[in-house]
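Structure file query.tsv; described as TSV, C-alpha atoms.
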```tsv
chain	number	residue	atom	x	y	z
A	1	MET	CA	-11.63	-33.26	-18.29
A	2	ASP	CA	-15.19	-32.61	-17.12
A	3	ALA	CA	-17.16	-32.45	-20.36
A	4	SER	CA	-20.12	-30.88	-18.56
A	5	ARG	CA	-18.15	-27.84	-17.41
A	6	LYS	CA	-19.15	-24.68	-19.23
A	7	PRO	CA	-16.48	-22.10	-20.07
A	8	VAL	CA	-16.70	-18.68	-18.50
A	9	GLU	CA	-18.47	-16.12	-20.67
A	10	LEU	CA	-16.56	-12.85	-21.10
A	11	GLU	CA	-17.62	-9.92	-23.23
A	12	GLU	CA	-16.48	-6.34	-23.79
A	13	SER	CA	-18.72	-3.89	-21.95
A	14	ASP	CA	-19.13	-0.57	-23.76
A	15	LYS	CA	-20.42	1.10	-20.61
A	16	LEU	CA	-17.58	-0.08	-18.39
A	17	ARG	CA	-15.03	0.01	-21.22
A	18	ARG	CA	-13.55	-3.30	-20.12
A	19	THR	CA	-14.20	-7.04	-20.12
A	20	LEU	CA	-17.14	-8.22	-18.01
A	21	ARG	CA	-18.41	-11.66	-17.06
A	22	SER	CA	-21.75	-12.29	-18.74
A	23	ASP	CA	-22.62	-15.85	-17.68
A	24	PRO	CA	-26.26	-16.89	-17.25
A	25	PRO	CA	-27.73	-15.66	-13.94
A	26	ASP	CA	-27.47	-19.07	-12.29
A	27	ARG	CA	-23.67	-19.06	-12.88
A	28	LEU	CA	-22.83	-15.41	-12.18
A	29	GLY	CA	-22.39	-16.12	-8.47
A	30	LYS	CA	-19.81	-18.84	-9.04
A	31	SER	CA	-16.31	-17.79	-7.98
A	32	THR	CA	-14.10	-16.74	-10.87
A	33	TRP	CA	-11.18	-18.27	-9.01
A	34	GLU	CA	-12.99	-21.63	-9.02
A	35	ILE	CA	-13.60	-21.30	-12.75
A	36	LEU	CA	-9.94	-20.40	-13.24
A	37	GLU	CA	-8.84	-23.52	-11.38
A	38	GLU	CA	-11.14	-25.62	-13.56
A	39	ALA	CA	-9.71	-24.09	-16.74
A	40	ILE	CA	-6.17	-24.84	-15.57
A	41	ARG	CA	-7.03	-28.43	-14.69
A	42	ASP	CA	-8.74	-28.85	-18.09
A	43	GLY	CA	-5.67	-27.53	-19.90
A	44	LYS	CA	-7.59	-24.61	-21.43
A	45	GLN	CA	-4.66	-22.21	-21.90
A	46	ALA	CA	-6.46	-19.49	-23.84
A	47	GLU	CA	-9.38	-19.47	-21.42
A	48	THR	CA	-7.02	-19.42	-18.45
A	49	LEU	CA	-5.18	-16.37	-19.77
A	50	ALA	CA	-8.45	-14.59	-20.53
A	51	ILE	CA	-9.75	-15.26	-17.01
A	52	LEU	CA	-6.50	-14.01	-15.46
A	53	ASP	CA	-6.72	-10.78	-17.44
A	54	TYR	CA	-10.34	-10.34	-16.41
A	55	LEU	CA	-9.63	-11.03	-12.74
A	56	GLN	CA	-6.94	-8.35	-12.60
A	57	GLU	CA	-8.91	-5.78	-14.56
A	58	GLY	CA	-12.39	-6.54	-13.34
A	59	GLU	CA	-12.42	-8.04	-9.84
A	60	VAL	CA	-9.10	-7.44	-8.08
A	61	ALA	CA	-7.64	-4.04	-8.98
A	62	PRO	CA	-10.87	-1.98	-9.04
A	63	ARG	CA	-11.98	-3.25	-5.63
A	64	HIS	CA	-8.55	-2.60	-4.16
A	65	PHE	CA	-8.40	0.93	-5.59
A	66	PHE	CA	-11.92	1.69	-4.39
A	67	PHE	CA	-11.17	0.79	-0.78
A	68	ALA	CA	-7.85	2.69	-0.77
A	69	ASP	CA	-9.62	5.75	-2.16
A	70	TRP	CA	-12.34	5.31	0.45
A	71	VAL	CA	-9.71	5.30	3.20
A	72	TYR	CA	-8.34	8.59	1.88
A	73	GLY	CA	-11.87	9.98	1.92
A	74	ASN	CA	-12.35	8.90	5.53
A	75	PHE	CA	-9.02	10.45	6.55
A	76	SER	CA	-10.08	13.64	4.79
A	77	TYR	CA	-13.40	13.81	6.62
A	78	VAL	CA	-11.71	13.50	10.02
A	79	VAL	CA	-9.22	16.27	9.23
A	80	GLU	CA	-11.77	18.61	7.67
A	81	ALA	CA	-14.28	18.11	10.50
A	82	PHE	CA	-11.93	18.04	13.50
A	83	GLY	CA	-8.65	19.59	12.34
A	84	GLU	CA	-5.29	18.14	11.34
A	85	ASP	CA	-4.32	17.26	14.90
A	86	ALA	CA	-7.17	14.74	14.94
A	87	TYR	CA	-5.38	12.65	12.31
A	88	GLU	CA	-2.93	11.16	14.79
A	89	ASP	CA	-5.66	10.59	17.40
A	90	MET	CA	-7.77	8.78	14.81
A	91	PHE	CA	-4.91	6.61	13.69
A	92	ARG	CA	-3.81	5.64	17.17
A	93	ALA	CA	-7.40	4.77	18.08
A	94	THR	CA	-7.69	2.35	15.16
A	95	TRP	CA	-4.13	1.04	14.70
A	96	GLY	CA	-2.83	1.39	18.23
A	97	ALA	CA	-4.99	-1.30	19.82
A	98	LYS	CA	-3.25	-4.55	20.61
A	99	SER	CA	-4.28	-7.79	18.95
A	100	ASP	CA	-2.88	-11.01	20.40
A	101	GLY	CA	-0.26	-8.93	22.18
A	102	VAL	CA	1.08	-7.35	18.98
A	103	PRO	CA	0.83	-3.55	18.91
A	104	GLY	CA	-1.11	-2.16	15.98
A	105	SER	CA	1.97	-0.34	14.71
A	106	VAL	CA	3.46	-3.66	13.70
A	107	GLU	CA	0.23	-5.51	12.99
A	108	GLY	CA	0.75	-8.22	10.42
A	109	PHE	CA	4.48	-8.38	11.10
A	110	GLU	CA	5.17	-11.28	13.40
A	111	PRO	CA	7.93	-10.62	15.96
A	112	GLY	CA	10.24	-13.14	14.28
A	113	LEU	CA	9.78	-11.41	10.96
A	114	LEU	CA	10.87	-8.09	12.42
A	115	THR	CA	14.28	-9.55	13.27
A	116	ASP	CA	14.90	-10.83	9.72
A	117	VAL	CA	15.44	-7.91	7.35
A	118	ARG	CA	15.39	-10.03	4.22
A	119	ALA	CA	12.09	-11.61	5.26
A	120	LEU	CA	10.79	-8.12	6.02
A	121	VAL	CA	11.69	-6.99	2.50
A	122	ASN	CA	9.96	-10.07	1.08
A	123	ARG	CA	6.84	-9.27	3.12
A	124	HIS	CA	6.78	-5.65	1.97
A	125	ALA	CA	7.26	-6.72	-1.64
A	126	GLU	CA	4.23	-8.96	-1.19
A	127	ILE	CA	2.22	-6.03	0.19
A	128	MET	CA	3.24	-3.70	-2.61
A	129	ARG	CA	2.48	-6.34	-5.26
A	130	GLY	CA	-0.95	-6.49	-3.66
A	131	HIS	CA	-1.52	-2.87	-4.71
A	132	CYS	CA	-1.86	-4.11	-8.31
A	133	PRO	CA	1.07	-2.11	-9.72
A	134	PRO	CA	1.82	-1.82	-13.44
A	135	PRO	CA	4.62	-4.06	-14.80
A	136	GLY	CA	8.06	-2.98	-13.62
A	137	ALA	CA	6.76	-0.57	-10.99
A	138	ILE	CA	8.54	-2.29	-8.08
A	139	GLN	CA	12.34	-2.21	-8.26
A	140	ILE	CA	14.33	-3.74	-5.39
A	141	SER	CA	18.09	-3.64	-4.98
A	142	GLU	CA	20.51	-4.74	-2.28
A	143	GLU	CA	23.37	-2.57	-1.09
A	144	ALA	CA	26.03	-3.27	1.51
A	145	ASP	CA	24.01	-1.83	4.39
A	146	ARG	CA	20.43	-1.85	3.14
A	147	PHE	CA	17.73	-2.94	0.74
A	148	VAL	CA	16.08	-0.25	-1.37
A	149	MET	CA	12.56	-0.68	-2.72
A	150	LYS	CA	11.75	1.91	-5.37
A	151	LEU	CA	8.09	2.28	-6.31
A	152	LEU	CA	7.37	3.74	-9.73
A	153	PRO	CA	4.74	4.53	-8.57
A	154	CYS	CA	3.48	3.33	-5.22
A	155	ASN	CA	0.16	2.11	-6.54
A	156	SER	CA	-1.86	3.29	-3.57
A	157	GLY	CA	-0.91	6.84	-2.56
A	158	GLY	CA	1.21	7.37	-5.67
A	159	ARG	CA	-1.63	6.20	-7.90
A	160	MET	CA	-4.02	8.62	-6.19
A	161	LEU	CA	-1.66	11.51	-6.85
A	162	ARG	CA	-1.16	10.54	-10.46
A	163	SER	CA	-4.92	10.42	-10.96
A	164	GLY	CA	-5.27	13.95	-9.54
A	165	MET	CA	-7.25	13.15	-6.41
A	166	THR	CA	-5.75	16.08	-4.48
A	167	GLN	CA	-7.10	18.42	-7.16
A	168	GLY	CA	-10.24	18.94	-9.24
A	169	ASP	CA	-13.55	17.42	-8.18
A	170	TRP	CA	-11.99	15.15	-5.55
A	171	ASN	CA	-9.78	17.86	-4.04
A	172	LEU	CA	-8.76	15.58	-1.18
A	173	PRO	CA	-6.68	17.50	1.36
A	174	VAL	CA	-2.98	17.48	2.02
A	175	THR	CA	-1.38	18.67	5.24
A	176	GLU	CA	-1.44	22.42	5.67
A	177	LYS	CA	1.03	22.36	8.53
A	178	ALA	CA	4.22	20.44	9.21
A	179	HIS	CA	3.62	17.45	11.49
A	180	ARG	CA	6.00	14.75	12.61
A	181	TRP	CA	3.62	12.25	10.99
A	182	SER	CA	4.02	14.11	7.67
A	183	TRP	CA	7.84	13.88	7.78
A	184	GLY	CA	7.97	17.41	9.18
A	185	LYS	CA	6.52	18.97	6.03
A	186	GLY	CA	3.29	20.50	4.82
A	187	GLY	CA	1.71	19.55	1.53
A	188	LYS	CA	1.74	15.81	2.18
A	189	PRO	CA	-1.28	13.70	1.12
A	190	LEU	CA	-3.11	12.40	4.16
A	191	TYR	CA	-3.14	8.87	2.81
A	192	CYS	CA	0.64	8.74	2.48
A	193	CYS	CA	1.12	9.98	6.04
A	194	HIS	CA	0.00	6.64	7.49
A	195	CYS	CA	3.42	5.27	6.49
A	196	ALA	CA	5.19	7.86	8.63
A	197	LEU	CA	2.90	7.33	11.60
A	198	SER	CA	2.45	3.54	11.69
A	199	ARG	CA	5.68	2.17	10.25
A	200	GLY	CA	7.79	5.03	11.55
A	201	ILE	CA	6.62	6.71	14.76
A	202	MET	CA	4.46	3.97	16.27
A	203	ALA	CA	6.93	1.24	15.35
A	204	THR	CA	9.75	3.24	16.98
A	205	GLU	CA	7.68	3.63	20.13
A	206	THR	CA	7.26	-0.13	20.16
A	207	ARG	CA	10.80	-1.30	19.38
A	208	GLY	CA	13.02	1.77	19.23
A	209	PHE	CA	13.42	2.14	15.45
A	210	PRO	CA	11.24	2.27	12.30
A	211	ILE	CA	10.21	-0.80	10.35
A	212	ARG	CA	11.38	1.09	7.28
A	213	VAL	CA	12.40	4.61	6.33
A	214	HIS	CA	11.36	6.67	3.33
A	215	GLU	CA	12.89	8.85	0.68
A	216	ILE	CA	9.85	10.68	-0.67
A	217	PRO	CA	10.38	13.49	-3.19
A	218	GLY	CA	7.78	16.01	-2.13
A	219	ARG	CA	4.70	14.08	-3.17
A	220	GLY	CA	2.36	15.88	-5.43
A	221	LEU	CA	1.97	19.67	-5.22
A	222	ASN	CA	5.09	21.64	-6.17
A	223	PRO	CA	5.87	20.78	-9.80
A	224	ASP	CA	9.59	21.28	-9.18
A	225	SER	CA	10.10	19.00	-6.18
A	226	ASP	CA	6.68	17.53	-5.49
A	227	HIS	CA	5.75	15.87	-8.75
A	228	PRO	CA	3.43	12.83	-8.59
A	229	SER	CA	5.60	10.99	-11.11
A	230	ASP	CA	8.51	10.95	-8.65
A	231	PRO	CA	9.13	7.54	-7.07
A	232	CYS	CA	8.60	6.66	-3.44
A	233	CYS	CA	11.54	4.72	-1.97
A	234	MET	CA	11.36	2.45	1.05
A	235	ILE	CA	14.70	1.67	2.66
A	236	PHE	CA	15.34	-1.30	4.95
A	237	TYR	CA	18.63	-1.08	6.82
A	238	LYS	CA	20.23	-4.40	7.71
A	239	GLU	CA	20.95	-3.21	11.25
A	240	PRO	CA	19.01	-0.47	13.06
A	241	GLU	CA	22.28	1.15	14.17
A	242	LEU	CA	22.92	1.91	10.50
A	243	ILE	CA	19.79	4.04	10.13
A	244	PRO	CA	20.96	7.66	9.81
A	245	GLU	CA	19.86	10.10	12.48
A	246	GLU	CA	18.07	12.24	9.89
A	247	TYR	CA	15.34	9.63	9.43
A	248	PHE	CA	14.52	9.77	13.14
A	249	THR	CA	14.64	13.57	13.13
A	250	ALA	CA	12.19	13.76	10.20
A	251	LEU	CA	9.65	11.95	12.43
A	252	GLY	CA	10.30	14.14	15.46
A	253	LEU	CA	12.23	11.32	17.15
A	254	LYS	CA	15.69	10.74	18.55
A	255	LYS	CA	17.95	7.88	17.62
A	256	GLU	CA	18.55	6.03	20.90
A	257	PRO	CA	20.31	2.69	20.28
A	258	SER	CA	19.91	1.75	23.94
A	259	LYS	CA	16.15	1.43	23.29
A	260	PHE	CA	16.46	-0.76	20.21
A	261	GLN	CA	14.54	-4.03	20.62
A	262	ARG	CA	15.01	-6.80	18.06
```

Turn the structure described in the file into structure tokens.
Amino acid sequence: MDASRKPVELEESDKLRRTLRSDPPDRLGKSTWEILEEAIRDGKQAETLAILDYLQEGEVAPRHFFFADWVYGNFSYVVEAFGEDAYEDMFRATWGAKSDGVPGSVEGFEPGLLTDVRALVNRHAEIMRGHCPPPGAIQISEEADRFVMKLLPCNSGGRMLRSGMTQGDWNLPVTEKAHRWSWGKGGKPLYCCHCALSRGIMATETRGFPIRVHEIPGRGLNPDSDHPSDPCCMIFYKEPELIPEEYFTALGLKKEPSKFQR
């Protein structure tokens, strides 16, 4: 153990209403992850647990939520300034560009991964865990023909809805019209629509079928069928031929097995 190493200083901030690092100025710039590694190596269990709690509450989750909310704000500006039809143009301009030969619609999903459904589920679970969900919010089950990932809630778009961002002071817009990138329905939060466009429509244009399909109960406006507490479900079929036609139709597409590319 390095006897000269100083423990991290954590205190409860009344203004932030959470734990905050309060080290001397010359240590405040030191990475909390580096301090965490030191605490683990030194066998400081209590300090390690305290740092982990602080990292989640103070450095990881708030930054993640801020940037997701910012994205929704940017989407909203485009739609309010240029109309709803500009949403798809904006998204294709930013996600449609190719990087290393991989279309933006499948960016981050290596071609080999797209042929391995179980690996694809593992990758999506990793992504959804990265949204800093509450304990038990991600439930995954395997059925004969598919994997089902139930998000209670999705901690990006679902979290925004639960916090009331489409109402009140934020009043971020939802679709007024039915678009194929809003699953053929109005009243969909603009943030959530990126799933339909990138993982659904643009992926199908690239390889003939969606990366995943969605069962989304309304999403946020009608208290009877659109409640923000409803789960979002991602479904990964083990073979693209097993994907029901209705999921293509909801995106304004046709199921054409002859165009499927694995």

inquiry  = Can you pull out the residues contacting A:Ala68? Cut-off 10 Å, using only C-alpha atoms, and skip same-chain residues under 5 positions away; I want them as a ChimeraX atom specification.
reply    = /A:62-63,73-74,131,155-157,160,191

Please produce a file of those selected residues containing C-alpha atoms, as a compact mmCIF listing (two decimals), in the coordinates of the input.
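Output (selection38.txt):
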```
# COMPACT_ATOMS: atom_id res chain seq x y z
CA PRO A 62 -10.87 -1.98 -9.04
CA ARG A 63 -11.98 -3.25 -5.63
CA GLY A 73 -11.87 9.98 1.92
CA ASN A 74 -12.35 8.90 5.53
CA HIS A 131 -1.52 -2.87 -4.71
CA ASN A 155 0.16 2.11 -6.54
CA SER A 156 -1.86 3.29 -3.57
CA GLY A 157 -0.91 6.84 -2.56
CA MET A 160 -4.02 8.62 -6.19
CA TYR A 191 -3.14 8.87 2.81
```

inquiry  = I'd like the neighbourhood of A:Glu12 as a PyMOL selection string, where a residue qualifies if any of its atoms comes within 12 Å (using all atoms listed in the file), though same-chain residues fewer than 4 positions away should be ignored.
reply    = chain A and resi 16-22+50+54+57-58

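Of the residues listed (A:Asp230, A:Glu80, A:Asp116, A:Glu37), A:Asp230 shows the shortest atom-to-atom separation from A:Lys150; distances use all atoms listed in the file.
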
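The spacing separating atom CA of A:Lys30 from atom CA of A:Arg129 amounts to 25.8 Å.
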
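Among the candidates A:Met149, A:Glu215, A:Glu9, A:Thr175, the residue lying nearest to A:Leu120 is A:Met149 (atoms considered: all atoms listed in the file).
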
task = Determine, counting only C-alpha atoms, which protein, DNA and RNA residues have an atom within 12 Å of an atom of A:Gln139; residues of the same chain fewer than 4 positions away are not included. Present the result as an MDAnalysis selection string.
result = chainID A and resid 121 125 128:129 133:135 147:154 231:235

request  = Identify which of the residues A:Leu253, A:Arg92, A:Cys193, A:Asp145 lies closest to A:Ala178, counting all atoms listed in the file when measuring atom-to-atom distances.
outcome  =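 Of the candidates, the smallest distance to A:Ala178 is held by A:Cys193.
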
key: Among listed residues A:Thr166, A:Arg27, A:Pro7, A:Leu190, nearest A:Ala39 (using all atoms listed in the file)   =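 For A:Ala39, the nearest of the given residues is A:Pro7.
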
inquiry  = Quick check, in Å to one decimal: how far apart do atom CA of A:Asp89 and atom CA of A:Met165 lie?
reply    =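 Those two atoms sit 24.0 Å apart.
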
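Among A:Ile138, A:Cys192, A:Leu52, A:Cys132, the residue with the shortest atom-to-atom distance to A:Gly158, counting only C-alpha atoms, is A:Cys192.
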